[in-house]
$ cat final02.csv   # CSV, C-alpha atoms
chain,number,residue,atom,x,y,z
A,45,MET,CA,-32.9,207.8,59.8
A,46,LYS,CA,-31.6,210.2,62.5
A,47,LYS,CA,-32.1,213.2,60.3
A,48,VAL,CA,-35.7,212.1,59.6
A,49,LEU,CA,-36.4,211.7,63.4
A,50,GLU,CA,-34.8,215.0,64.3
A,51,GLY,CA,-37.0,216.7,61.6
A,52,GLY,CA,-40.1,215.6,63.6
A,53,GLU,CA,-41.1,212.8,61.2
A,54,GLY,CA,-41.7,209.2,62.3
A,55,LEU,CA,-40.5,206.0,60.7
A,56,SER,CA,-40.9,202.3,60.9
A,57,VAL,CA,-38.0,200.0,61.4
A,58,THR,CA,-38.2,196.2,61.4
A,59,LEU,CA,-35.7,194.7,63.7
A,60,GLY,CA,-34.3,191.3,63.0
A,61,GLY,CA,-32.3,190.1,60.1
A,62,VAL,CA,-31.1,187.2,58.1
A,63,ARG,CA,-30.9,184.8,61.0
A,64,GLU,CA,-34.6,185.2,61.7
A,65,ILE,CA,-35.3,183.5,58.4
A,66,LEU,CA,-33.6,180.5,59.8
A,67,TYR,CA,-35.8,180.6,62.9
A,68,SER,CA,-39.0,180.8,60.9
A,69,GLU,CA,-41.4,178.1,61.9
A,70,ALA,CA,-45.2,178.0,61.8
A,71,GLY,CA,-46.9,178.8,65.1
A,72,LYS,CA,-43.7,180.0,66.7
A,73,MET,CA,-42.2,183.5,67.1
A,74,LYS,CA,-38.5,183.7,67.6
A,75,LEU,CA,-37.0,187.2,67.2
A,76,ASN,CA,-33.3,187.8,66.5
A,77,ILE,CA,-33.1,191.2,68.2
A,78,GLY,CA,-31.3,190.5,71.5
A,79,ARG,CA,-28.1,192.1,70.4
A,80,ARG,CA,-29.5,195.1,68.6
A,81,LYS,CA,-28.5,198.5,70.0
A,82,GLY,CA,-28.4,201.1,67.2
A,83,ILE,CA,-32.1,201.8,67.0
A,84,PHE,CA,-32.3,202.1,70.8
A,85,LYS,CA,-29.4,204.5,70.9
A,86,MET,CA,-31.0,206.6,68.1
A,87,ALA,CA,-34.3,206.7,70.0
A,88,LEU,CA,-32.5,208.0,73.1
A,89,GLU,CA,-30.5,210.6,71.1
A,90,THR,CA,-33.7,211.9,69.4
A,91,GLY,CA,-36.2,211.3,72.1
A,92,THR,CA,-38.3,209.2,69.8
A,93,PRO,CA,-40.8,206.9,71.4
A,94,LEU,CA,-40.8,203.2,70.4
A,95,VAL,CA,-43.9,201.2,69.6
A,96,PRO,CA,-43.8,197.3,69.8
A,97,VAL,CA,-45.3,195.7,66.7
A,98,LEU,CA,-45.8,192.0,66.0
A,99,VAL,CA,-47.0,190.3,62.9
A,100,TYR,CA,-48.7,186.9,63.0
A,101,GLY,CA,-49.0,184.7,60.0
A,102,GLU,CA,-45.7,185.6,58.2
A,103,ASN,CA,-44.0,182.4,59.3
A,104,GLU,CA,-46.8,180.3,57.7
A,105,LEU,CA,-46.4,182.0,54.3
A,106,TYR,CA,-42.9,180.7,53.5
A,107,GLU,CA,-41.6,177.4,54.7
A,108,THR,CA,-38.0,176.8,54.0
A,109,ALA,CA,-36.4,173.4,53.3
A,110,HIS,CA,-34.3,171.9,56.0
A,111,THR,CA,-31.8,169.1,55.7
A,112,GLU,CA,-28.7,168.5,57.8
A,113,TRP,CA,-26.4,169.6,55.0
A,114,LEU,CA,-28.5,172.7,54.1
A,115,ASP,CA,-28.8,173.8,57.7
A,116,TRP,CA,-25.0,173.5,58.1
A,117,LEU,CA,-24.5,175.6,55.0
A,118,GLN,CA,-27.0,178.2,56.1
A,119,GLU,CA,-25.2,178.6,59.5
A,120,LYS,CA,-21.9,179.1,57.6
A,121,LEU,CA,-23.4,181.9,55.6
A,122,VAL,CA,-25.0,183.9,58.5
A,123,PRO,CA,-21.8,185.7,59.5
A,124,PHE,CA,-21.8,187.2,56.0
A,125,ALA,CA,-25.5,188.3,56.3
A,126,LEU,CA,-26.3,185.8,53.6
A,127,PHE,CA,-29.1,183.2,53.4
A,128,ILE,CA,-30.4,181.0,50.6
A,129,PRO,CA,-34.1,180.7,51.3
A,130,ILE,CA,-34.8,177.4,49.5
A,131,PRO,CA,-38.6,176.9,49.6
A,132,THR,CA,-40.4,173.6,50.1
A,133,VAL,CA,-42.7,172.4,47.4
A,134,LYS,CA,-45.6,173.3,49.7
A,135,SER,CA,-44.3,176.9,49.8
A,136,CYS,CA,-44.0,177.1,46.0
A,137,MET,CA,-47.6,175.8,45.6
A,138,ASN,CA,-48.9,178.3,48.2
A,139,TRP,CA,-47.2,181.2,46.4
A,140,LEU,CA,-48.4,180.1,43.0
A,141,GLY,CA,-51.9,179.7,44.5
A,142,LEU,CA,-51.9,183.4,45.4
A,143,LEU,CA,-52.2,184.2,41.7
A,144,HIS,CA,-55.8,182.8,41.8
A,145,ASN,CA,-56.9,182.8,45.4
A,146,PRO,CA,-56.4,185.1,48.5
A,147,LEU,CA,-54.5,183.9,51.5
A,148,LYS,CA,-56.2,181.1,53.4
A,149,ASN,CA,-54.7,182.3,56.7
A,150,PRO,CA,-54.5,186.1,57.2
A,151,VAL,CA,-51.4,188.0,58.1
A,152,GLN,CA,-52.3,190.1,61.1
A,153,THR,CA,-50.3,193.1,62.5
A,154,VAL,CA,-50.8,194.1,66.1
A,155,ILE,CA,-49.5,197.3,67.6
A,156,GLY,CA,-48.6,197.7,71.3
A,157,ASP,CA,-48.5,200.7,73.6
A,158,GLU,CA,-46.0,203.5,72.9
A,159,ILE,CA,-42.9,203.4,75.1
A,160,PRO,CA,-41.9,207.1,75.8
A,161,VAL,CA,-38.2,207.9,75.4
A,162,GLU,CA,-36.5,210.9,77.0
A,163,LYS,CA,-34.0,212.6,74.8
A,164,LYS,CA,-30.4,212.4,76.0
A,165,GLU,CA,-27.4,214.4,74.9
A,166,SER,CA,-25.0,211.6,75.7
A,167,VAL,CA,-26.2,208.0,75.8
A,168,SER,CA,-24.6,205.3,77.9
A,169,GLU,CA,-24.5,201.6,77.3
A,170,GLU,CA,-26.6,201.2,80.5
A,171,GLU,CA,-29.3,203.5,79.2
A,172,ILE,CA,-29.4,201.6,75.9
A,173,ALA,CA,-29.7,198.3,77.7
A,174,LYS,CA,-32.5,199.6,79.9
A,175,LEU,CA,-34.5,200.9,77.0
A,176,ARG,CA,-34.0,197.6,75.1
A,177,GLU,CA,-35.3,195.6,78.0
A,178,LYS,CA,-38.3,198.0,78.3
A,179,TYR,CA,-39.0,197.4,74.6
A,180,PHE,CA,-38.6,193.6,74.9
A,181,SER,CA,-41.0,193.7,77.9
A,182,GLY,CA,-43.5,195.6,75.7
A,183,LEU,CA,-43.1,193.0,73.0
A,184,ARG,CA,-43.7,190.1,75.4
A,185,GLU,CA,-46.7,191.8,76.9
A,186,LEU,CA,-48.2,192.4,73.4
A,187,TYR,CA,-47.5,188.8,72.5
A,188,GLU,CA,-49.2,187.5,75.7
A,189,ARG,CA,-52.3,189.7,75.0
A,190,THR,CA,-52.6,188.9,71.3
A,191,ARG,CA,-51.0,185.5,70.7
A,192,PRO,CA,-53.2,183.3,68.5
A,193,GLU,CA,-54.0,179.9,70.1
A,194,SER,CA,-52.0,178.1,67.4
A,195,TYR,CA,-48.8,179.9,68.5
A,196,SER,CA,-46.3,178.7,71.1
A,197,LYS,CA,-46.8,180.1,74.6
A,198,GLU,CA,-43.4,181.9,74.7
A,199,LEU,CA,-42.1,184.7,72.6
A,200,GLU,CA,-38.4,184.0,72.1
A,201,ILE,CA,-35.9,186.9,71.9
A,202,VAL,CA,-32.4,185.8,71.0

$ encode --input "final02.csv" --output "structure tokens"
Amino acid sequence: MKKVLEGGEGLSVTLGGVREILYSEAGKMKLNIGRRKGIFKMALETGTPLVPVLVYGENELYETAHTEWLDWLQEKLVPFALFIPIPTVKSCMNWLGLLHNPLKNPVQTVIGDEIPVEKKESVSEEEIAKLREKYFSGLRELYERTRPESYSKELEIV
């Protein structure tokens, strides 16, 4: 990734991970990016601007089954970056329905304002933290401006 950026090309990176699947809930956006550092360090090392992007409607596409036992098992698998996404019957029917009909609710991507990043030869933890917070602020502002009425008022970053 760094080689691509240093070559003057851009790229798209989706922050998050396995745990975000556990947080997936219709009408709610909870992002598991609070501890991410690498992409911010790379942005500082290469002087690559960051652009906040949010996608609405993804959580409504795939509902996972939840039971006390299954939730316990999923939590035990997370440290190993594993997740067993067991769909509900409703999810299965929705996906099978896509063979014959388009989505009932669209998936919408919104793009925020570019966050300029100054290239640094040596990057400190403080600079990474500062850039992360700037990015998180950009995400929150974008959410406030574009949030569908059916979504919760708060964007959660964990």

$ closest_atom_pairs --input "final02.csv" --of "segment 93-112 of chain A" --to "segment 56-76 of chain A" --cutoff "9 Å" --atoms "all atoms listed in the file" --output "JSON lines"
{"residue": "A:Val97", "atom": "CA", "partner": "A:Thr58", "partner_atom": "CA", "distance": 8.9}
{"residue": "A:Tyr100", "atom": "CA", "partner": "A:Met73", "partner_atom": "CA", "distance": 8.4}
{"residue": "A:Gly101", "atom": "CA", "partner": "A:Ala70", "partner_atom": "CA", "distance": 7.9}
{"residue": "A:Glu102", "atom": "CA", "partner": "A:Ala70", "partner_atom": "CA", "distance": 8.4}
{"residue": "A:Asn103", "atom": "CA", "partner": "A:Ala70", "partner_atom": "CA", "distance": 5.2}
{"residue": "A:Glu104", "atom": "CA", "partner": "A:Ala70", "partner_atom": "CA", "distance": 5.0}
{"residue": "A:Leu105", "atom": "CA", "partner": "A:Ala70", "partner_atom": "CA", "distance": 8.6}
{"residue": "A:Tyr106", "atom": "CA", "partner": "A:Ser68", "partner_atom": "CA", "distance": 8.4}
{"residue": "A:Glu107", "atom": "CA", "partner": "A:Glu69", "partner_atom": "CA", "distance": 7.2}
{"residue": "A:Thr108", "atom": "CA", "partner": "A:Ser68", "partner_atom": "CA", "distance": 8.0}

$ residues_near_point --input "final02.csv" --point "(-32.6, 178.9, 54.3)" --cutoff "6 Å" --atoms "all atoms listed in the file" --output "ChimeraX atom specification"
/A:66,108,118,127-130

$ closest_residue --input "final02.csv" --among "A:Leu98, A:Leu140, A:Ile83, A:Leu117" --to "Leu55 of chain A" --atoms "all atoms listed in the file"
A:Ile83

$ closest_residue --input "final02.csv" --among "A:Asn138, A:Ser181, A:Asn145, A:Ser194" --to "Ile159 of chain A" --atoms "only C-alpha atoms"
A:Ser181

$ atom_distance --input "final02.csv" --atom1 "atom CA of Glu162 of chain A" --atom2 "atom CA of Lys178 of chain A"
13.1 Å

$ closest_residue --input "final02.csv" --among "A:Val48, A:Ala173, A:Leu143, A:Val154" --to "Val99 of chain A" --atoms "all atoms listed in the file"
A:Val154

$ atom_distance --input "final02.csv" --atom1 "atom CA of Thr90 of chain A" --atom2 "atom CA of Arg176 of chain A"
15.4 Å

$ atom_distance --input "final02.csv" --atom1 "atom CA of Lys46 of chain A" --atom2 "atom CA of Glu89 of chain A"
8.7 Å

$ closest_residue --input "final02.csv" --among "A:Val122, A:Met137, A:Leu199, A:Leu114" --to "Phe180 of chain A" --atoms "only C-alpha atoms"
A:Leu199
